[in-house]
>>> print(open('model.cif').read())   # mmCIF, C-alpha atoms
data_work
loop_
_atom_site.group_PDB
_atom_site.id
_atom_site.type_symbol
_atom_site.label_atom_id
_atom_site.label_comp_id
_atom_site.auth_asym_id
_atom_site.auth_seq_id
_atom_site.Cartn_x
_atom_site.Cartn_y
_atom_site.Cartn_z
ATOM 1 C CA MET A 1 153.711 141.496 -132.356
ATOM 2 C CA GLN A 2 151.643 143.864 -134.477
ATOM 3 C CA PRO A 3 147.908 143.365 -134.929
ATOM 4 C CA ARG A 4 146.773 141.811 -138.203
ATOM 5 C CA GLN A 5 145.054 144.943 -139.510
ATOM 6 C CA GLN A 6 148.189 147.043 -139.048
ATOM 7 C CA ILE A 7 150.285 144.451 -140.909
ATOM 8 C CA ARG A 8 147.713 144.432 -143.725
ATOM 9 C CA GLN A 9 147.869 148.213 -144.058
ATOM 10 C CA THR A 10 151.684 148.267 -144.053
ATOM 11 C CA ILE A 11 152.085 145.519 -146.663
ATOM 12 C CA ARG A 12 149.266 146.712 -148.927
ATOM 13 C CA HIS A 13 150.873 150.154 -148.964
ATOM 14 C CA ALA A 14 154.294 148.632 -149.797
ATOM 15 C CA ARG A 15 153.020 146.583 -152.730
ATOM 16 C CA ARG A 16 151.063 149.538 -154.148
ATOM 17 C CA GLN A 17 154.339 151.487 -154.221
ATOM 18 C CA LEU A 18 155.845 149.109 -156.784
ATOM 19 C CA SER A 19 156.208 150.690 -160.208
ATOM 20 C CA PRO A 20 154.370 149.235 -163.222
ATOM 21 C CA GLU A 21 157.748 147.968 -164.480
ATOM 22 C CA GLN A 22 158.461 146.246 -161.157
ATOM 23 C CA GLN A 23 154.972 144.725 -161.178
ATOM 24 C CA THR A 24 155.401 143.390 -164.728
ATOM 25 C CA GLU A 25 158.835 141.926 -164.057
ATOM 26 C CA ALA A 26 157.698 140.324 -160.792
ATOM 27 C CA ALA A 27 154.651 138.752 -162.467
ATOM 28 C CA GLN A 28 156.778 137.253 -165.235
ATOM 29 C CA GLN A 29 159.349 135.875 -162.788
ATOM 30 C CA VAL A 30 156.697 134.288 -160.559
ATOM 31 C CA ALA A 31 154.829 132.830 -163.562
ATOM 32 C CA ALA A 32 158.063 131.193 -164.762
ATOM 33 C CA ARG A 33 158.699 129.778 -161.274
ATOM 34 C CA PHE A 34 155.077 128.614 -161.001
ATOM 35 C CA MET A 35 155.160 126.709 -164.293
ATOM 36 C CA THR A 36 158.310 124.760 -163.324
ATOM 37 C CA LEU A 37 156.989 123.484 -159.975
ATOM 38 C CA PRO A 38 156.545 119.701 -160.264
ATOM 39 C CA ASP A 39 153.087 119.969 -158.647
ATOM 40 C CA VAL A 40 152.034 122.412 -161.372
ATOM 41 C CA VAL A 41 153.714 120.471 -164.191
ATOM 42 C CA HIS A 42 151.666 117.388 -163.272
ATOM 43 C CA ALA A 43 148.442 119.285 -162.532
ATOM 44 C CA GLN A 44 145.535 119.598 -164.940
ATOM 45 C CA ARG A 45 142.995 121.688 -162.952
ATOM 46 C CA ILE A 46 144.515 124.880 -161.569
ATOM 47 C CA ALA A 47 142.711 127.577 -159.617
ATOM 48 C CA LEU A 48 144.234 131.020 -159.955
ATOM 49 C CA TYR A 49 142.715 134.439 -159.262
ATOM 50 C CA LEU A 50 142.625 137.840 -160.898
ATOM 51 C CA SER A 51 144.895 140.325 -159.180
ATOM 52 C CA PHE A 52 143.491 143.252 -157.234
ATOM 53 C CA ASP A 53 144.876 146.143 -155.174
ATOM 54 C CA GLY A 54 148.580 145.706 -155.972
ATOM 55 C CA GLU A 55 148.571 141.900 -155.743
ATOM 56 C CA LEU A 56 151.087 140.125 -157.929
ATOM 57 C CA ASP A 57 149.635 140.068 -161.460
ATOM 58 C CA THR A 58 148.504 136.515 -162.204
ATOM 59 C CA GLN A 59 147.765 137.034 -165.906
ATOM 60 C CA PRO A 60 151.200 135.733 -167.035
ATOM 61 C CA ALA A 61 150.627 132.537 -164.997
ATOM 62 C CA ILE A 62 147.095 132.189 -166.389
ATOM 63 C CA ASN A 63 148.382 132.593 -169.956
ATOM 64 C CA ALA A 64 151.170 130.073 -169.340
ATOM 65 C CA CYS A 65 148.653 127.545 -167.995
ATOM 66 C CA TRP A 66 146.453 127.983 -171.064
ATOM 67 C CA GLN A 67 149.477 127.555 -173.351
ATOM 68 C CA ALA A 68 150.373 124.350 -171.494
ATOM 69 C CA GLY A 69 146.849 122.989 -172.071
ATOM 70 C CA LYS A 70 145.811 123.219 -168.421
ATOM 71 C CA GLN A 71 142.300 124.059 -167.242
ATOM 72 C CA VAL A 72 142.185 127.358 -165.330
ATOM 73 C CA TYR A 73 139.541 128.127 -162.715
ATOM 74 C CA LEU A 74 138.797 131.376 -160.898
ATOM 75 C CA PRO A 75 137.145 131.872 -157.523
ATOM 76 C CA VAL A 76 133.627 133.239 -157.273
ATOM 77 C CA VAL A 77 132.167 134.448 -153.985
ATOM 78 C CA HIS A 78 129.428 131.940 -153.161
ATOM 79 C CA PRO A 79 126.045 133.646 -153.693
ATOM 80 C CA PHE A 80 124.373 132.251 -150.559
ATOM 81 C CA SER A 81 126.925 130.335 -148.472
ATOM 82 C CA ARG A 82 128.603 133.224 -146.667
ATOM 83 C CA GLY A 83 132.398 133.125 -146.571
ATOM 84 C CA HIS A 84 132.770 130.366 -149.163
ATOM 85 C CA LEU A 85 134.154 130.240 -152.692
ATOM 86 C CA LEU A 86 133.053 128.441 -155.816
ATOM 87 C CA PHE A 87 135.469 127.807 -158.693
ATOM 88 C CA LEU A 88 134.441 128.293 -162.316
ATOM 89 C CA GLN A 89 136.433 127.491 -165.435
ATOM 90 C CA TYR A 90 138.024 130.530 -167.011
ATOM 91 C CA HIS A 91 139.070 131.105 -170.605
ATOM 92 C CA PRO A 92 139.693 134.269 -172.659
ATOM 93 C CA HIS A 93 136.001 134.682 -173.540
ATOM 94 C CA THR A 94 134.489 134.034 -170.109
ATOM 95 C CA ARG A 95 131.774 136.532 -169.207
ATOM 96 C CA MET A 96 132.857 138.475 -166.137
ATOM 97 C CA ARG A 97 131.204 140.628 -163.496
ATOM 98 C CA LEU A 98 132.318 142.558 -160.417
ATOM 99 C CA ASN A 99 131.564 140.936 -157.068
ATOM 100 C CA ARG A 100 130.648 142.736 -153.825
ATOM 101 C CA TYR A 101 134.352 143.484 -153.234
ATOM 102 C CA ASN A 102 134.678 145.051 -156.702
ATOM 103 C CA ILE A 103 136.842 142.148 -157.894
ATOM 104 C CA ALA A 104 136.249 140.653 -161.342
ATOM 105 C CA GLU A 105 134.941 137.087 -161.313
ATOM 106 C CA PRO A 106 133.242 134.812 -163.847
ATOM 107 C CA THR A 107 129.490 135.186 -164.173
ATOM 108 C CA LEU A 108 127.947 132.252 -162.320
ATOM 109 C CA ASP A 109 127.293 129.396 -164.733
ATOM 110 C CA ILE A 110 126.763 125.950 -163.233
ATOM 111 C CA ARG A 111 128.087 124.329 -166.434
ATOM 112 C CA THR A 112 131.596 125.646 -165.725
ATOM 113 C CA LEU A 113 131.627 124.883 -161.985
ATOM 114 C CA ILE A 114 134.142 122.401 -160.568
ATOM 115 C CA PRO A 115 133.906 120.952 -157.063
ATOM 116 C CA SER A 116 136.887 122.373 -155.179
ATOM 117 C CA SER A 117 137.822 118.827 -154.145
ATOM 118 C CA LYS A 118 138.671 118.165 -157.835
ATOM 119 C CA LEU A 119 141.246 120.985 -158.064
ATOM 120 C CA ASP A 120 144.909 119.970 -158.236
ATOM 121 C CA ILE A 121 146.375 123.389 -157.423
ATOM 122 C CA ILE A 122 144.909 126.396 -155.638
ATOM 123 C CA ALA A 123 146.989 129.541 -156.027
ATOM 124 C CA THR A 124 146.070 131.885 -153.218
ATOM 125 C CA PRO A 125 146.279 135.635 -152.960
ATOM 126 C CA LEU A 126 147.795 136.925 -149.758
ATOM 127 C CA VAL A 127 148.639 140.178 -148.060
ATOM 128 C CA ALA A 128 151.627 138.882 -146.084
ATOM 129 C CA PHE A 129 153.506 135.659 -145.401
ATOM 130 C CA ASP A 130 156.235 134.543 -143.036
ATOM 131 C CA ALA A 131 159.094 132.039 -143.028
ATOM 132 C CA ASP A 132 156.818 129.339 -141.546
ATOM 133 C CA GLY A 133 154.390 129.388 -144.469
ATOM 134 C CA GLN A 134 151.726 131.304 -142.602
ATOM 135 C CA ARG A 135 149.565 133.464 -144.843
ATOM 136 C CA LEU A 136 147.713 136.611 -143.896
ATOM 137 C CA GLY A 137 144.808 137.330 -146.226
ATOM 138 C CA MET A 138 142.307 140.155 -146.323
ATOM 139 C CA GLY A 139 140.461 138.793 -143.297
ATOM 140 C CA GLY A 140 137.413 137.119 -144.824
ATOM 141 C CA GLY A 141 138.705 133.561 -144.315
ATOM 142 C CA TYR A 142 137.609 132.465 -147.803
ATOM 143 C CA TYR A 143 140.817 130.622 -148.650
ATOM 144 C CA ASP A 144 141.300 129.142 -145.172
ATOM 145 C CA ARG A 145 137.808 127.625 -145.443
ATOM 146 C CA THR A 146 138.468 126.394 -148.975
ATOM 147 C CA LEU A 147 141.814 124.804 -148.114
ATOM 148 C CA GLY A 148 140.647 123.363 -144.815
ATOM 149 C CA LEU A 149 137.231 121.974 -145.709
ATOM 150 C CA CYS A 150 136.644 121.848 -149.440
ATOM 151 C CA ALA A 151 139.978 121.122 -151.059
ATOM 152 C CA PRO A 152 142.332 119.668 -148.440
ATOM 153 C CA ASN A 153 144.159 117.570 -151.062
ATOM 154 C CA ALA A 154 144.870 120.432 -153.465
ATOM 155 C CA THR A 155 148.367 121.885 -153.363
ATOM 156 C CA ALA A 156 148.160 125.445 -152.038
ATOM 157 C CA ILE A 157 150.594 127.914 -153.554
ATOM 158 C CA GLY A 158 150.834 131.520 -152.410
ATOM 159 C CA LEU A 159 151.903 134.111 -154.969
ATOM 160 C CA ALA A 160 153.458 137.317 -153.676
ATOM 161 C CA HIS A 161 155.913 140.150 -154.087
ATOM 162 C CA ASP A 162 159.119 139.956 -152.057
ATOM 163 C CA CYS A 163 157.993 142.997 -150.051
ATOM 164 C CA GLN A 164 155.098 140.967 -148.631
ATOM 165 C CA ARG A 165 157.300 138.858 -146.354
ATOM 166 C CA TRP A 166 156.782 139.600 -142.669
ATOM 167 C CA HIS A 167 159.133 138.388 -139.930
ATOM 168 C CA SER A 168 156.451 136.516 -137.921
ATOM 169 C CA LEU A 169 152.694 136.637 -138.425
ATOM 170 C CA PRO A 170 150.157 136.275 -135.641
ATOM 171 C CA CYS A 171 148.271 132.999 -136.166
ATOM 172 C CA GLU A 172 144.785 131.848 -135.358
ATOM 173 C CA GLN A 173 143.645 128.229 -135.031
ATOM 174 C CA TRP A 174 141.756 128.389 -138.345
ATOM 175 C CA ASP A 175 144.751 129.654 -140.373
ATOM 176 C CA ILE A 176 145.936 127.132 -142.966
ATOM 177 C CA PRO A 177 149.681 127.366 -143.741
ATOM 178 C CA LEU A 178 150.768 127.063 -147.361
ATOM 179 C CA ARG A 179 153.045 124.373 -148.821
ATOM 180 C CA HIS A 180 154.623 126.767 -151.328
ATOM 181 C CA ILE A 181 155.024 130.517 -151.608
ATOM 182 C CA LEU A 182 156.538 131.975 -154.753
ATOM 183 C CA THR A 183 158.037 135.438 -154.995
ATOM 184 C CA PRO A 184 160.130 136.929 -157.788
ATOM 185 C CA SER A 185 163.342 136.021 -155.943
ATOM 186 C CA GLN A 186 162.479 132.849 -154.052
ATOM 187 C CA HIS A 187 160.519 129.617 -153.760
ATOM 188 C CA TRP A 188 159.549 128.977 -150.151
ATOM 189 C CA HIS A 189 158.615 125.342 -149.517
ATOM 190 C CA TRP A 190 157.429 123.486 -146.426
#
>>> encode(input="model.cif", output="structure tokens")
Amino acid sequence: MQPRQQIRQTIRHARRQLSPEQQTEAAQQVAARFMTLPDVVHAQRIALYLSFDGELDTQPAINACWQAGKQVYLPVVHPFSRGHLLFLQYHPHTRMRLNRYNIAEPTLDIRTLIPSSKLDIIATPLVAFDADGQRLGMGGGYYDRTLGLCAPNATAIGLAHDCQRWHSLPCEQWDIPLRHILTPSQHWHW
């Protein structure tokens, strides 16, 4: 079995090789799949994320949620609780800033903060996934902590390109498997 860092490098390279047309088509297909999931249809408070480094573009899903009258939240790296995320409401005019990882996030405003335990859906970025619902992230553990401690009742949905599937990922005791993973060609469900 390959070490996690090697898998990350391989998959990140593969997804960066997708053409802009492939990226656009994949994002639209996954957004359509996302919006028809019963968990999403019945949800009101949905956490998504802004794509980075070849991740599946989430903007079509964000736009579809807004059009359906759903509240959209984005993760913000917690300013003083290392390794944790906060979730702030996001709309087209939200003031944004770059975090320490150079990823856009809403400017911290306590008035738009939601306790993660109140989220219905948490869409998670991922580098790789396998047929057992295991997710390999960037290695910071942010989403594993969020799903395990802060929002255990939220439905976790991984969004990915088809090229991000790995035959079998190495697992650690703190890894939280996902209930759903959506790719342009498939809906994986456990």
>>> closest_residue(input="model.cif", among="A:Phe129, A:Tyr49, A:Tyr143, A:Tyr73", to="Cys163 of chain A", atoms="all atoms listed in the file")
A:Phe129
>>> resolve_selection(input="model.cif", expression="the PyMOL selection byres ((chain A and resi 99) around 12)", output="PDB file with C-alpha atoms, keeping the file's coordinate frame")
ATOM      1  CA  PRO A  75     137.145 131.872-157.523  1.00  0.00           C
ATOM      2  CA  VAL A  76     133.627 133.239-157.273  1.00  0.00           C
ATOM      3  CA  VAL A  77     132.167 134.448-153.985  1.00  0.00           C
ATOM      4  CA  HIS A  78     129.428 131.940-153.161  1.00  0.00           C
ATOM      5  CA  PRO A  79     126.045 133.646-153.693  1.00  0.00           C
ATOM      6  CA  LEU A  85     134.154 130.240-152.692  1.00  0.00           C
ATOM      7  CA  MET A  96     132.857 138.475-166.137  1.00  0.00           C
ATOM      8  CA  ARG A  97     131.204 140.628-163.496  1.00  0.00           C
ATOM      9  CA  LEU A  98     132.318 142.558-160.417  1.00  0.00           C
ATOM     10  CA  ARG A 100     130.648 142.736-153.825  1.00  0.00           C
ATOM     11  CA  TYR A 101     134.352 143.484-153.234  1.00  0.00           C
ATOM     12  CA  ASN A 102     134.678 145.051-156.702  1.00  0.00           C
ATOM     13  CA  ILE A 103     136.842 142.148-157.894  1.00  0.00           C
ATOM     14  CA  ALA A 104     136.249 140.653-161.342  1.00  0.00           C
ATOM     15  CA  GLU A 105     134.941 137.087-161.313  1.00  0.00           C
ATOM     16  CA  PRO A 106     133.242 134.812-163.847  1.00  0.00           C
ATOM     17  CA  THR A 107     129.490 135.186-164.173  1.00  0.00           C
ATOM     18  CA  LEU A 108     127.947 132.252-162.320  1.00  0.00           C
TER      19      LEU A 108
END
>>> resolve_selection(input="model.cif", expression="the PyMOL selection byres ((chain A and resi 187) around 12)", output="list in words")
Gln29, Val30, Ala31, Ala32, Arg33, Phe34, Thr36, Leu37, Ala131, Gly133, Ile157, Gly158, Leu159, Ala160, His161, Asp162, Leu178, Arg179, His180, Ile181, Leu182, Thr183, Pro184, Ser185, Gln186, Trp188, His189 and Trp190 of chain A
>>> resolve_selection(input="model.cif", expression="the PyMOL selection byres ((chain A and resi 136) around 9)", output="number ranges by chain")
A: 4, 7-8, 126-130, 134-135, 137-139, 169-171, 175
>>> residues_around(input="model.cif", residues="Phe87 of chain A", least_positions_apart="3", cutoff="12 Å", atoms="only C-alpha atoms", output="PyMOL selection string")
chain A and resi 45-49+71-78+84+90+105-119+121-123+143+146+150-151
>>> closest_residue(input="model.cif", among="A:Glu172, A:Asp39, A:Asp144, A:Glu55", to="Pro125 of chain A", atoms="only C-alpha atoms")
A:Glu55
>>> atom_distance(input="model.cif", atom1="atom CA of Gly140 of chain A", atom2="atom CA of Arg82 of chain A")
9.8 Å
>>> residues_around(input="model.cif", residues="Arg15 of chain A", least_positions_apart="3", cutoff="7 Å", atoms="only C-alpha atoms", output="PDB file with C-alpha atoms, in the frame of the given file")
ATOM      1  CA  ILE A  11     152.085 145.519-146.663  1.00  0.00           C
ATOM      2  CA  ARG A  12     149.266 146.712-148.927  1.00  0.00           C
ATOM      3  CA  LEU A  18     155.845 149.109-156.784  1.00  0.00           C
ATOM      4  CA  GLY A  54     148.580 145.706-155.972  1.00  0.00           C
ATOM      5  CA  CYS A 163     157.993 142.997-150.051  1.00  0.00           C
TER       6      CYS A 163
END
>>> closest_residue(input="model.cif", among="A:Gln59, A:Gly141, A:Arg16, A:Pro3", to="Ser168 of chain A", atoms="all atoms listed in the file")
A:Pro3
>>> atom_distance(input="model.cif", atom1="atom CA of Ala154 of chain A", atom2="atom CA of Thr58 of chain A")
18.7 Å
>>> closest_residue(input="model.cif", among="A:Gln164, A:Gly69, A:Thr94, A:Thr155", to="His13 of chain A", atoms="all atoms listed in the file")
A:Gln164
>>> axis_aligned_box(input="model.cif", around="segment 65-77 of chain A", padding_each_side="4 Å", output="AutoDock Vina command-line options")
--center_x 141.3 --center_y 128.7 --center_z -163.7 --size_x 26.2 --size_y 19.5 --size_z 27.4
